[in-house]
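Novice: Structure: target_37.tsv, TSV, C-alpha atoms.
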```
chain	number	residue	atom	x	y	z
Y	1	MET	CA	-31.18	59.15	53.55
Y	2	LYS	CA	-28.07	58.70	55.73
Y	3	SER	CA	-30.24	58.84	58.85
Y	4	ILE	CA	-32.24	55.88	57.55
Y	5	TYR	CA	-29.07	53.86	57.31
Y	6	LYS	CA	-28.15	54.91	60.86
Y	7	ILE	CA	-31.55	53.85	62.15
Y	8	PHE	CA	-31.27	50.53	60.34
Y	9	GLY	CA	-27.78	50.08	61.68
Y	10	ILE	CA	-28.86	50.78	65.24
Y	11	ALA	CA	-31.96	48.63	64.88
Y	12	VAL	CA	-29.93	45.73	63.56
Y	13	PHE	CA	-27.39	46.08	66.34
Y	14	ALA	CA	-30.15	46.25	68.93
Y	15	LEU	CA	-31.89	43.22	67.43
Y	16	ALA	CA	-28.66	41.25	67.39
Y	17	ALA	CA	-27.80	42.29	70.95
Y	18	VAL	CA	-31.25	41.31	72.26
Y	19	SER	CA	-31.41	38.05	70.36
Y	20	CYS	CA	-28.01	36.93	71.52
Y	21	SER	CA	-28.25	37.88	75.17
Y	22	ASN	CA	-30.78	35.17	76.03
Y	23	ASP	CA	-29.31	32.25	74.20
Y	24	ASP	CA	-25.85	30.80	73.90
Y	25	ASP	CA	-26.89	28.65	70.97
Y	26	PHE	CA	-26.06	30.77	67.89
Y	27	THR	CA	-28.84	29.63	65.60
Y	28	GLN	CA	-29.21	33.31	64.59
Y	29	ILE	CA	-25.98	33.21	62.59
Y	30	PRO	CA	-27.16	33.32	58.97
Y	31	THR	CA	-26.19	30.46	56.72
Y	32	GLN	CA	-25.07	31.17	53.14
Y	33	GLN	CA	-27.59	33.67	51.81
Y	34	GLU	CA	-29.30	32.84	48.53
Y	35	PRO	CA	-28.74	35.69	46.05
Y	36	ASP	CA	-31.38	38.37	46.15
Y	37	PHE	CA	-33.03	38.69	42.75
Y	38	SER	CA	-35.98	40.77	43.93
Y	39	GLY	CA	-36.89	44.21	42.72
Y	40	THR	CA	-37.74	46.11	39.58
Y	41	TYR	CA	-35.10	47.02	37.02
Y	42	ALA	CA	-35.76	50.15	34.95
Y	43	GLN	CA	-34.36	50.78	31.51
Y	44	ASN	CA	-31.16	52.73	31.16
Y	45	ASP	CA	-29.58	51.93	27.80
Y	46	GLN	CA	-30.73	50.09	24.69
Y	47	MET	CA	-29.24	48.98	21.38
Y	48	GLY	CA	-30.23	47.21	18.21
Y	49	ARG	CA	-28.11	48.03	15.18
Y	50	PRO	CA	-24.60	49.48	15.44
Y	51	ALA	CA	-24.03	53.24	15.59
Y	52	VAL	CA	-27.66	54.23	15.04
Y	53	ASN	CA	-28.04	56.31	18.18
Y	54	THR	CA	-24.57	57.82	17.67
Y	55	VAL	CA	-25.17	58.96	14.09
Y	56	PHE	CA	-28.86	59.68	13.76
Y	57	VAL	CA	-30.15	60.85	17.13
Y	58	SER	CA	-29.64	64.50	18.03
Y	59	SER	CA	-27.46	64.83	21.12
Y	60	SER	CA	-30.22	66.24	23.32
Y	61	SER	CA	-32.44	63.23	22.53
Y	62	LYS	CA	-30.02	60.34	23.05
Y	63	ASP	CA	-31.25	59.50	26.55
Y	64	MET	CA	-34.84	59.62	25.35
Y	65	PHE	CA	-34.02	57.27	22.49
Y	66	ASN	CA	-32.51	54.81	24.94
Y	67	THR	CA	-35.73	54.69	26.94
Y	68	THR	CA	-38.22	54.49	24.07
Y	69	ILE	CA	-39.46	50.98	23.36
Y	70	PRO	CA	-39.01	49.83	19.74
Y	71	THR	CA	-42.72	50.02	18.87
Y	72	ASP	CA	-42.71	53.71	19.79
Y	73	GLN	CA	-39.42	54.62	18.13
Y	74	ASN	CA	-40.63	55.20	14.58
Y	75	ALA	CA	-43.33	57.70	15.51
Y	76	ALA	CA	-41.00	59.51	17.88
Y	77	PHE	CA	-37.79	59.57	15.85
Y	78	GLN	CA	-38.19	58.83	12.13
Y	79	SER	CA	-38.49	62.47	11.09
Y	80	MET	CA	-35.49	63.45	13.26
Y	81	PHE	CA	-33.51	60.65	11.58
Y	82	GLU	CA	-34.54	61.92	8.14
Y	83	THR	CA	-33.60	65.52	8.94
Y	84	ASN	CA	-30.23	64.39	10.30
Y	85	LEU	CA	-29.56	62.10	7.32
Y	86	THR	CA	-30.31	64.72	4.67
Y	87	GLY	CA	-28.35	67.32	6.63
Y	88	LEU	CA	-25.36	65.03	7.06
Y	89	SER	CA	-25.02	63.37	3.67
Y	90	PRO	CA	-24.44	65.02	0.28
Y	91	ALA	CA	-25.74	61.80	-1.26
Y	92	TYR	CA	-29.18	62.56	0.22
Y	93	ALA	CA	-29.23	66.29	-0.53
Y	94	ASN	CA	-31.99	65.97	-3.11
Y	95	PRO	CA	-35.48	64.53	-2.67
Y	96	GLY	CA	-35.65	61.15	-4.37
Y	97	ASP	CA	-31.96	60.38	-3.74
Y	98	GLN	CA	-31.39	56.71	-2.95
Y	99	ASN	CA	-28.60	54.51	-1.68
Y	100	ALA	CA	-27.18	51.28	-3.12
Y	101	LEU	CA	-30.07	49.29	-1.62
Y	102	GLY	CA	-32.52	51.52	-3.48
Y	103	LEU	CA	-33.80	53.17	-0.30
Y	104	ASP	CA	-34.72	56.85	-0.33
Y	105	ALA	CA	-34.36	58.97	2.81
Y	106	PRO	CA	-37.85	58.33	4.24
Y	107	THR	CA	-37.60	54.58	3.65
Y	108	PHE	CA	-34.00	54.23	4.90
Y	109	THR	CA	-34.71	56.19	8.08
Y	110	GLY	CA	-38.03	54.41	8.50
Y	111	LEU	CA	-36.05	51.16	8.62
Y	112	LEU	CA	-33.38	52.46	11.01
Y	113	ALA	CA	-35.66	54.33	13.43
Y	114	THR	CA	-37.01	51.07	14.87
Y	115	ASP	CA	-33.69	50.06	16.35
Y	116	VAL	CA	-33.72	46.28	16.28
Y	117	LEU	CA	-31.32	43.77	14.75
Y	118	ASN	CA	-32.94	41.47	12.22
Y	119	VAL	CA	-31.59	37.92	12.49
Y	120	SER	CA	-32.31	34.88	10.33
Y	121	LEU	CA	-32.68	31.51	12.03
Y	122	ASP	CA	-32.38	29.74	8.68
Y	123	GLY	CA	-28.91	30.52	7.37
Y	124	THR	CA	-25.95	32.87	7.21
Y	125	THR	CA	-26.04	35.57	9.86
Y	126	THR	CA	-24.41	38.80	8.74
Y	127	PHE	CA	-25.05	42.53	8.59
Y	128	PHE	CA	-24.01	42.46	4.94
Y	129	ASP	CA	-21.65	40.15	3.05
Y	130	GLY	CA	-22.36	41.17	-0.52
Y	131	THR	CA	-25.25	38.72	-0.82
Y	132	ASN	CA	-27.06	38.51	2.53
Y	133	VAL	CA	-28.46	41.76	3.89
Y	134	LEU	CA	-29.44	42.30	7.52
Y	135	THR	CA	-29.62	38.65	8.56
Y	136	GLY	CA	-27.74	39.20	11.83
Y	137	ARG	CA	-24.49	40.69	13.03
Y	138	ALA	CA	-21.35	38.60	13.12
Y	139	LEU	CA	-18.24	39.70	15.00
Y	140	ALA	CA	-16.15	40.16	11.86
Y	141	ASP	CA	-18.75	42.18	9.94
Y	142	ASP	CA	-17.43	45.61	8.94
Y	143	VAL	CA	-20.71	47.23	9.93
Y	144	ILE	CA	-19.30	50.76	9.92
Y	145	SER	CA	-18.18	50.68	6.31
Y	146	VAL	CA	-21.53	49.15	5.35
Y	147	GLU	CA	-23.40	51.96	7.09
Y	148	LEU	CA	-21.09	54.67	5.71
Y	149	LEU	CA	-21.65	53.33	2.20
Y	150	LEU	CA	-25.42	53.34	2.65
Y	151	ILE	CA	-25.34	56.89	4.05
Y	152	PHE	CA	-22.77	58.54	1.77
Y	153	GLY	CA	-22.35	56.27	-1.27
Y	154	GLY	CA	-25.38	57.27	-3.30
Y	155	GLU	CA	-27.21	55.05	-5.80
Y	156	ASP	CA	-24.16	53.17	-7.03
Y	157	GLY	CA	-21.91	53.54	-3.99
Y	158	THR	CA	-19.38	55.86	-5.61
Y	159	GLU	CA	-20.65	59.35	-4.82
Y	160	ASN	CA	-18.52	60.37	-1.81
Y	161	PRO	CA	-15.58	57.94	-1.74
Y	162	SER	CA	-13.68	59.68	1.06
Y	163	LEU	CA	-16.70	59.36	3.35
Y	164	SER	CA	-17.93	55.90	2.38
Y	165	ASP	CA	-15.23	53.77	4.00
Y	166	ASP	CA	-13.20	54.35	7.18
Y	167	HIS	CA	-10.51	51.91	5.94
Y	168	VAL	CA	-10.50	49.93	9.17
Y	169	ASP	CA	-11.84	46.59	8.08
Y	170	ALA	CA	-10.83	44.10	10.73
Y	171	ASN	CA	-10.56	43.74	14.49
Y	172	ASP	CA	-7.26	44.18	16.34
Y	173	LYS	CA	-7.32	40.48	17.39
Y	174	PRO	CA	-8.65	37.42	15.53
Y	175	PHE	CA	-11.92	36.02	16.80
Y	176	LEU	CA	-12.27	32.48	18.15
Y	177	THR	CA	-13.93	29.76	16.11
Y	178	SER	CA	-15.49	28.33	19.28
Y	179	PHE	CA	-17.49	29.74	22.18
Y	180	PRO	CA	-17.15	32.41	23.51
Y	181	TYR	CA	-15.95	33.64	20.08
Y	182	LEU	CA	-14.76	37.04	21.39
Y	183	ALA	CA	-10.99	37.29	21.70
Y	184	SER	CA	-9.16	37.32	25.01
Y	185	PRO	CA	-8.55	40.75	26.53
Y	186	TRP	CA	-5.38	42.83	26.12
S	1	MET	CA	-15.71	34.12	75.21
S	2	LYS	CA	-13.37	35.81	72.75
S	3	ASN	CA	-14.37	33.40	70.00
S	4	LEU	CA	-18.06	34.05	70.60
S	5	LYS	CA	-17.48	37.82	70.38
S	6	LEU	CA	-15.59	37.43	67.11
S	7	VAL	CA	-18.35	35.32	65.62
S	8	LEU	CA	-20.97	37.73	66.93
S	9	GLY	CA	-19.13	40.63	65.29
S	10	VAL	CA	-18.97	38.86	61.95
S	11	SER	CA	-22.64	37.87	62.09
S	12	ILE	CA	-23.70	41.46	62.84
S	13	PHE	CA	-21.85	42.68	59.76
S	14	ALA	CA	-23.45	39.93	57.71
S	15	ILE	CA	-26.94	40.81	58.95
S	16	ALA	CA	-26.26	44.52	58.59
S	17	GLY	CA	-24.97	44.00	55.07
S	18	TYR	CA	-28.12	42.11	54.17
S	19	PHE	CA	-30.28	44.90	55.59
S	20	PHE	CA	-28.30	47.61	53.82
S	21	LEU	CA	-28.76	45.71	50.57
S	22	SER	CA	-32.52	45.59	50.99
S	23	ALA	CA	-32.58	49.19	52.27
S	24	ASP	CA	-31.05	50.32	48.99
S	25	HIS	CA	-34.41	50.02	47.24
S	26	ILE	CA	-35.82	52.82	49.40
S	27	ASP	CA	-33.69	55.16	47.27
S	28	ALA	CA	-33.75	55.05	43.51
S	29	PRO	CA	-30.04	54.68	42.73
S	30	ALA	CA	-28.39	57.41	40.70
S	31	VAL	CA	-28.22	56.48	37.02
S	32	SER	CA	-24.74	55.10	36.67
S	33	GLY	CA	-22.53	56.15	33.82
S	34	GLY	CA	-20.16	53.43	32.79
S	35	THR	CA	-21.49	50.21	34.23
S	36	SER	CA	-24.79	50.20	32.32
S	37	ASP	CA	-23.40	51.72	29.15
S	38	ILE	CA	-23.86	49.29	26.26
S	39	THR	CA	-21.05	49.46	23.74
S	40	ASP	CA	-22.19	46.75	21.34
S	41	PHE	CA	-24.57	43.93	20.51
S	42	TYR	CA	-24.11	40.94	18.21
S	43	ALA	CA	-26.35	38.03	17.17
S	44	PHE	CA	-24.99	35.28	14.95
S	45	GLN	CA	-25.05	31.53	14.29
S	46	GLY	CA	-22.95	29.43	16.61
S	47	GLU	CA	-20.19	27.05	15.60
S	48	ASP	CA	-23.04	24.56	15.78
S	49	THR	CA	-25.44	26.22	13.35
S	50	ASP	CA	-28.42	24.80	15.25
S	51	ASN	CA	-27.64	27.48	17.83
S	52	LEU	CA	-27.73	31.26	17.94
S	53	VAL	CA	-25.28	33.39	19.92
S	54	PHE	CA	-26.16	36.66	21.68
S	55	ALA	CA	-23.27	38.85	22.82
S	56	ALA	CA	-23.53	42.19	24.62
S	57	ASN	CA	-20.67	44.38	25.74
S	58	VAL	CA	-20.67	47.08	28.41
S	59	GLN	CA	-18.06	49.44	29.87
S	60	GLY	CA	-16.07	50.32	26.78
S	61	LEU	CA	-12.55	51.62	26.27
S	62	LEU	CA	-11.12	49.66	29.21
S	63	SER	CA	-7.32	49.76	29.25
S	64	PRO	CA	-5.55	46.54	30.26
S	65	SER	CA	-4.93	47.86	33.77
S	66	ALA	CA	-8.51	49.07	34.13
S	67	SER	CA	-9.69	45.66	32.92
S	68	ALA	CA	-7.93	43.93	35.78
S	69	SER	CA	-10.19	45.67	38.26
S	70	ALA	CA	-13.35	46.05	36.16
S	71	THR	CA	-16.45	44.33	37.49
S	72	PHE	CA	-20.04	43.90	36.48
S	73	ASP	CA	-22.46	46.04	38.47
S	74	GLU	CA	-24.86	43.98	40.60
S	75	ASN	CA	-27.49	46.69	40.17
S	76	VAL	CA	-27.45	46.31	36.39
S	77	MET	CA	-29.38	43.69	34.45
S	78	ILE	CA	-28.44	43.02	30.85
S	79	GLU	CA	-31.55	41.84	29.04
S	80	PHE	CA	-31.66	40.33	25.55
S	81	ASN	CA	-35.05	40.87	23.93
S	82	ILE	CA	-36.34	38.60	21.16
S	83	ASP	CA	-39.38	39.25	18.99
S	84	ASN	CA	-40.31	36.20	16.92
S	85	THR	CA	-43.73	37.41	15.75
S	86	GLY	CA	-42.57	40.45	13.78
S	87	ASP	CA	-44.26	43.14	15.89
S	88	ASN	CA	-41.11	44.46	17.65
S	89	VAL	CA	-42.47	43.51	21.05
S	90	GLU	CA	-40.40	41.01	22.98
S	91	ASP	CA	-41.81	37.47	23.07
S	92	LEU	CA	-38.80	36.08	24.89
S	93	VAL	CA	-36.05	37.54	27.04
S	94	ILE	CA	-32.75	36.37	28.49
S	95	GLN	CA	-31.80	38.22	31.68
S	96	ALA	CA	-28.17	38.33	32.83
S	97	VAL	CA	-27.54	39.51	36.40
S	98	PRO	CA	-24.27	39.26	38.38
S	99	ARG	CA	-24.22	38.15	41.97
S	100	ASP	CA	-21.07	37.58	44.00
S	101	GLY	CA	-18.66	36.63	41.21
S	102	LYS	CA	-21.17	34.66	39.17
S	103	MET	CA	-23.34	35.68	36.22
S	104	TYR	CA	-26.87	34.28	36.29
S	105	PHE	CA	-28.55	33.91	32.90
S	106	PHE	CA	-32.33	33.40	33.22
S	107	GLY	CA	-34.13	32.08	30.14
S	108	PRO	CA	-34.91	32.26	27.32
S	109	PHE	CA	-38.38	32.69	28.80
S	110	ALA	CA	-41.58	34.49	27.91
S	111	PRO	CA	-41.87	37.55	30.17
S	112	SER	CA	-45.19	38.22	31.88
S	113	SER	CA	-44.91	41.91	31.01
S	114	THR	CA	-42.92	43.78	28.38
S	115	GLY	CA	-41.28	47.18	28.05
S	116	LEU	CA	-39.09	49.46	30.10
S	117	ASN	CA	-39.35	47.75	33.48
S	118	SER	CA	-38.38	44.17	34.25
S	119	MET	CA	-38.33	41.82	37.15
S	120	ILE	CA	-36.06	38.79	37.27
S	121	ASN	CA	-37.93	35.55	36.69
S	122	THR	CA	-36.34	33.21	39.21
S	123	SER	CA	-38.53	30.29	38.10
S	124	ALA	CA	-37.07	30.35	34.60
S	125	ASP	CA	-34.29	27.98	33.60
S	126	VAL	CA	-31.04	29.50	34.86
S	127	THR	CA	-27.47	29.03	33.67
S	128	VAL	CA	-24.86	30.12	36.20
S	129	VAL	CA	-21.26	30.81	35.18
S	130	ASP	CA	-18.32	32.00	37.23
S	131	ILE	CA	-17.26	35.40	35.94
S	132	THR	CA	-13.88	35.01	34.25
S	133	SER	CA	-11.12	37.02	35.88
S	134	TYR	CA	-8.84	39.20	33.79
S	135	GLY	CA	-5.90	37.10	32.62
S	136	SER	CA	-7.61	33.74	33.11
S	137	ASN	CA	-8.75	31.37	30.43
S	138	ALA	CA	-12.39	31.85	29.53
S	139	ILE	CA	-14.68	29.94	31.89
S	140	VAL	CA	-17.61	28.46	29.97
S	141	GLU	CA	-20.70	27.02	31.64
S	142	THR	CA	-22.73	24.44	29.77
S	143	ASN	CA	-26.37	23.83	30.68
S	144	GLY	CA	-27.86	21.31	28.26
S	145	ASN	CA	-27.45	22.97	24.87
S	146	ILE	CA	-26.87	26.42	26.39
S	147	LYS	CA	-23.37	27.87	26.80
S	148	ALA	CA	-22.60	30.96	28.87
S	149	PHE	CA	-19.66	33.28	29.50
S	150	ALA	CA	-19.14	36.56	31.36
S	151	GLY	CA	-15.96	38.57	31.75
S	152	PRO	CA	-13.48	40.89	30.10
S	153	ARG	CA	-12.82	40.49	26.38
S	154	ASP	CA	-10.99	42.40	23.68
S	155	ASP	CA	-13.45	44.95	22.30
S	156	PRO	CA	-14.61	43.37	19.03
S	157	PHE	CA	-15.63	46.73	17.59
S	158	PHE	CA	-13.33	48.35	15.05
S	159	MET	CA	-13.68	51.83	13.51
S	160	ASP	CA	-11.71	55.01	12.95
S	161	PHE	CA	-13.99	56.82	15.34
S	162	ALA	CA	-11.47	59.60	15.94
S	163	GLN	CA	-11.43	60.51	12.27
S	164	TYR	CA	-15.24	60.34	12.13
S	165	GLY	CA	-15.27	62.94	14.90
S	166	GLU	CA	-12.90	65.16	12.94
S	167	ILE	CA	-15.13	64.93	9.88
S	168	ILE	CA	-18.26	65.78	11.88
S	169	ALA	CA	-16.46	68.70	13.52
S	170	GLY	CA	-15.46	70.03	10.11
S	171	ASN	CA	-11.73	69.54	10.70
S	172	ALA	CA	-11.32	66.86	8.04
S	173	SER	CA	-12.95	66.24	4.67
S	174	GLY	CA	-12.72	62.47	4.72
S	175	PHE	CA	-11.30	59.29	6.19
S	176	ASN	CA	-7.63	58.34	5.96
S	177	ASP	CA	-6.43	55.30	4.03
S	178	PRO	CA	-5.41	53.27	5.91
S	179	GLY	CA	-7.46	54.28	8.92
S	180	THR	CA	-6.61	53.78	12.59
S	181	ASP	CA	-8.81	51.62	14.80
S	182	THR	CA	-9.71	53.87	17.72
S	183	PHE	CA	-10.64	50.78	19.77
S	184	ALA	CA	-7.43	48.82	19.22
S	185	GLY	CA	-5.86	47.61	22.43
S	186	THR	CA	-8.99	48.23	24.51
S	187	ASN	CA	-11.31	45.84	26.29
S	188	VAL	CA	-14.96	45.58	27.32
S	189	MET	CA	-16.96	43.53	29.78
S	190	SER	CA	-18.90	40.91	27.83
S	191	VAL	CA	-21.77	38.54	28.37
S	192	VAL	CA	-22.13	35.82	25.76
S	193	ILE	CA	-24.86	33.18	25.63
S	194	GLU	CA	-25.45	30.52	22.99
S	195	VAL	CA	-28.91	28.93	22.83
S	196	PRO	CA	-30.61	26.41	20.54
S	197	LYS	CA	-32.55	28.12	17.75
S	198	SER	CA	-35.44	25.82	18.72
S	199	SER	CA	-35.74	27.72	22.03
S	200	ILE	CA	-36.27	31.07	20.30
S	201	GLY	CA	-38.64	30.21	17.48
S	202	GLY	CA	-36.81	27.62	15.45
S	203	THR	CA	-37.15	29.12	12.01
S	204	GLY	CA	-37.78	32.44	10.28
S	205	THR	CA	-36.56	35.90	11.27
S	206	ILE	CA	-36.34	37.34	14.73
S	207	ASN	CA	-35.93	40.97	15.71
S	208	THR	CA	-33.64	41.38	18.68
S	209	TRP	CA	-32.19	44.13	20.83
S	210	VAL	CA	-30.38	44.48	24.15
S	211	GLU	CA	-31.24	46.65	27.13
S	212	THR	CA	-29.51	47.47	30.37
S	213	LYS	CA	-31.76	48.06	33.32
S	214	THR	CA	-30.90	49.41	36.74
S	215	LYS	CA	-32.37	48.13	39.96
S	216	GLN	CA	-34.78	50.65	41.47
```
Written as structure tokens, that's how I'd like the structure from this file.
Specialist:
Amino acid sequence: MKSIYKIFGIAVFALAAVSCSNDDDFTQIPTQQEPDFSGTYAQNDQMGRPAVNTVFVSSSSKDMFNTTIPTDQNAAFQSMFETNLTGLSPAYANPGDQNALGLDAPTFTGLLATDVLNVSLDGTTTFFDGTNVLTGRALADDVISVELLLIFGGEDGTENPSLSDDHVDANDKPFLTSFPYLASPW
Amino acid sequence: MKNLKLVLGVSIFAIAGYFFLSADHIDAPAVSGGTSDITDFYAFQGEDTDNLVFAANVQGLLSPSASASATFDENVMIEFNIDNTGDNVEDLVIQAVPRDGKMYFFGPFAPSSTGLNSMINTSADVTVVDITSYGSNAIVETNGNIKAFAGPRDDPFFMDFAQYGEIIAGNASGFNDPGTDTFAGTNVMSVVIEVPKSSIGGTGTINTWVETKTKQ
């Protein structure tokens, strides 16, 4: 590859030398280049809901998950998600176990395996606020504690209390009420 | 004569730079680690509830000093995907690509093809914002009802991720109370765009996700 750059470099130099030797009028000097937006961009990483890839995808499959389009994710990953959920959580040790939303392991993982964020255009946008469920993801939502509760909390949310809440419930800086909403950097 | 030589030298570098840029697509670039790594994705109503906000963060766990020199990668496109027909296939996308200190947001527009590979649609409506430098007030670009921002921000994510790791490794039986935010004091590189809901379906539910894509 380096030799290609050398050839280009020499070719460019030669071109420039030839073009300039015959003419004192430097019309060859390029004016401000427009940005180059050409080319194909290939997928590298992907995300819908928080922490899904981290928690549910086996480590050897994480890159594959990131390059599987959402319509293919359920077929490719739902059973892996279910195996990992029942292996990870005592609240899902038995067939028929459900979480506080009434979802058993196949249904819960069937929802999560297609990794998209559901967002309502008609009202409150939140991951979960006690009333609204999966209508968006706001900056202040404690998504981790919601997910921990749904994974470890069992039918009424009380089954594994030391695993159902990480006890970090707010950001280190307050968010802004106006655009761009995210707080200034440290 | 000296002046002409100086100008000639500069122009050669400019031409050579342009050629090197276009020569890069002979080689598929190595998959980069940090610059295309998505840390988080948010979608929520704007301060004006007629609008929806999409925010994506890349390059996590930036210390303050690392943030001062962090940049967006010009080979990386951040693409917001929006399905408003309920089939989990994108009907609309917003493509964010940095060029020379500015972030270009194309869209929302309907892509001519969907899936893992994308090309930038330069005929779509574009909102261009100067990338905010570390330490500066947030630069916001307004284009009609669209607002755009790109630059370093405090990482909005909060979790005792360290303790989660201990639990998974079998070194701890549960979380601490109170917990410690593993992400406190760290920054990310953020792109934030606010668009009218009417431009992405108007009413109902959308399914949305974010992708990073690397120029081939």
Novice: With 9 Å as the threshold, what does the neighbourhood of (-18.4, 31.8, 39.9) contain in terms of residues, counting only C-alpha atoms? Coordinates are those of the file; answer as number ranges by chain.
Specialist: S: 99-103, 128-132
Novice: Go ahead and fit an axis-aligned box to every listed atom of segment 112-131 of chain S plus 3 Å each side, and pass me the centre and edge lengths in Å, one decimal, as AutoDock Vina command-line options.
Specialist:
```
--center_x -31.2 --center_y 38.7 --center_z 33.6 --size_x 33.9 --size_y 27.5 --size_z 17.2
```
Novice: What's around segment 199-207 of chain S at 9 Å? Count only C-alpha atoms, leave out sequence neighbours fewer than 5 positions away in its own chain, and write the answer as a list in words.
Specialist: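 So, after excluding close chain neighbours, the residues are Gly48, Val116, Leu117, Asn118, Val119, Ser120, Leu121, Asp122 and Thr135 of chain Y; Asp50, Leu52, Asn81, Ile82, Asp83, Asn84, Thr85, Gly86, Asp87, Asn88, Val89, Glu90, Asp91, Leu92, Pro108 and Phe109 of chain S.
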Novice: Which of these, S:Phe80, S:Phe161, S:Phe106, S:Phe44, has the shortest distance to chain Y once you count only C-alpha atoms?
Specialist: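 Comparing S:Phe80, S:Phe161, S:Phe106, S:Phe44 against chain Y, the winner is S:Phe44.
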Novice: Can you tell me, as a list in words, which residues sit within 8 Å of (-22.8, 36.3, 28.7) in the file's frame, using all atoms listed in the file?
Specialist: Phe54, Ala55, Ala56, Ala96, Met103, Phe105, Ala148, Phe149, Ala150, Gly151, Ser190, Val191, Val192 and Ile193 of chain S
Novice: Take the residues just selected and output them with C-alpha atoms as a short mmCIF file (atom, residue, chain, number, x, y, z; two decimals), in the frame of the given file.
Specialist:
```cif
data_model
loop_
_atom_site.label_atom_id
_atom_site.label_comp_id
_atom_site.auth_asym_id
_atom_site.auth_seq_id
_atom_site.Cartn_x
_atom_site.Cartn_y
_atom_site.Cartn_z
CA PHE S 54 -26.16 36.66 21.68
CA ALA S 55 -23.27 38.85 22.82
CA ALA S 56 -23.53 42.19 24.62
CA ALA S 96 -28.17 38.33 32.83
CA MET S 103 -23.34 35.68 36.22
CA PHE S 105 -28.55 33.91 32.90
CA ALA S 148 -22.60 30.96 28.87
CA PHE S 149 -19.66 33.28 29.50
CA ALA S 150 -19.14 36.56 31.36
CA GLY S 151 -15.96 38.57 31.75
CA SER S 190 -18.90 40.91 27.83
CA VAL S 191 -21.77 38.54 28.37
CA VAL S 192 -22.13 35.82 25.76
CA ILE S 193 -24.86 33.18 25.63
#
```
Novice: Could you tell me which of S:Glu74, S:Lys215, S:Ser173, S:Asn143 comes closest to Gly107 of chain S if we count only C-alpha atoms?
Specialist: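 With only C-alpha atoms as the atom set, the closest residue is S:Asn143.
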Novice: Which residue out of Y:Asn132, Y:Ser184, Y:Asn84, Y:Thr54 has the minimum interatomic distance to chain S when only C-alpha atoms are used?
Specialist: Y:Ser184
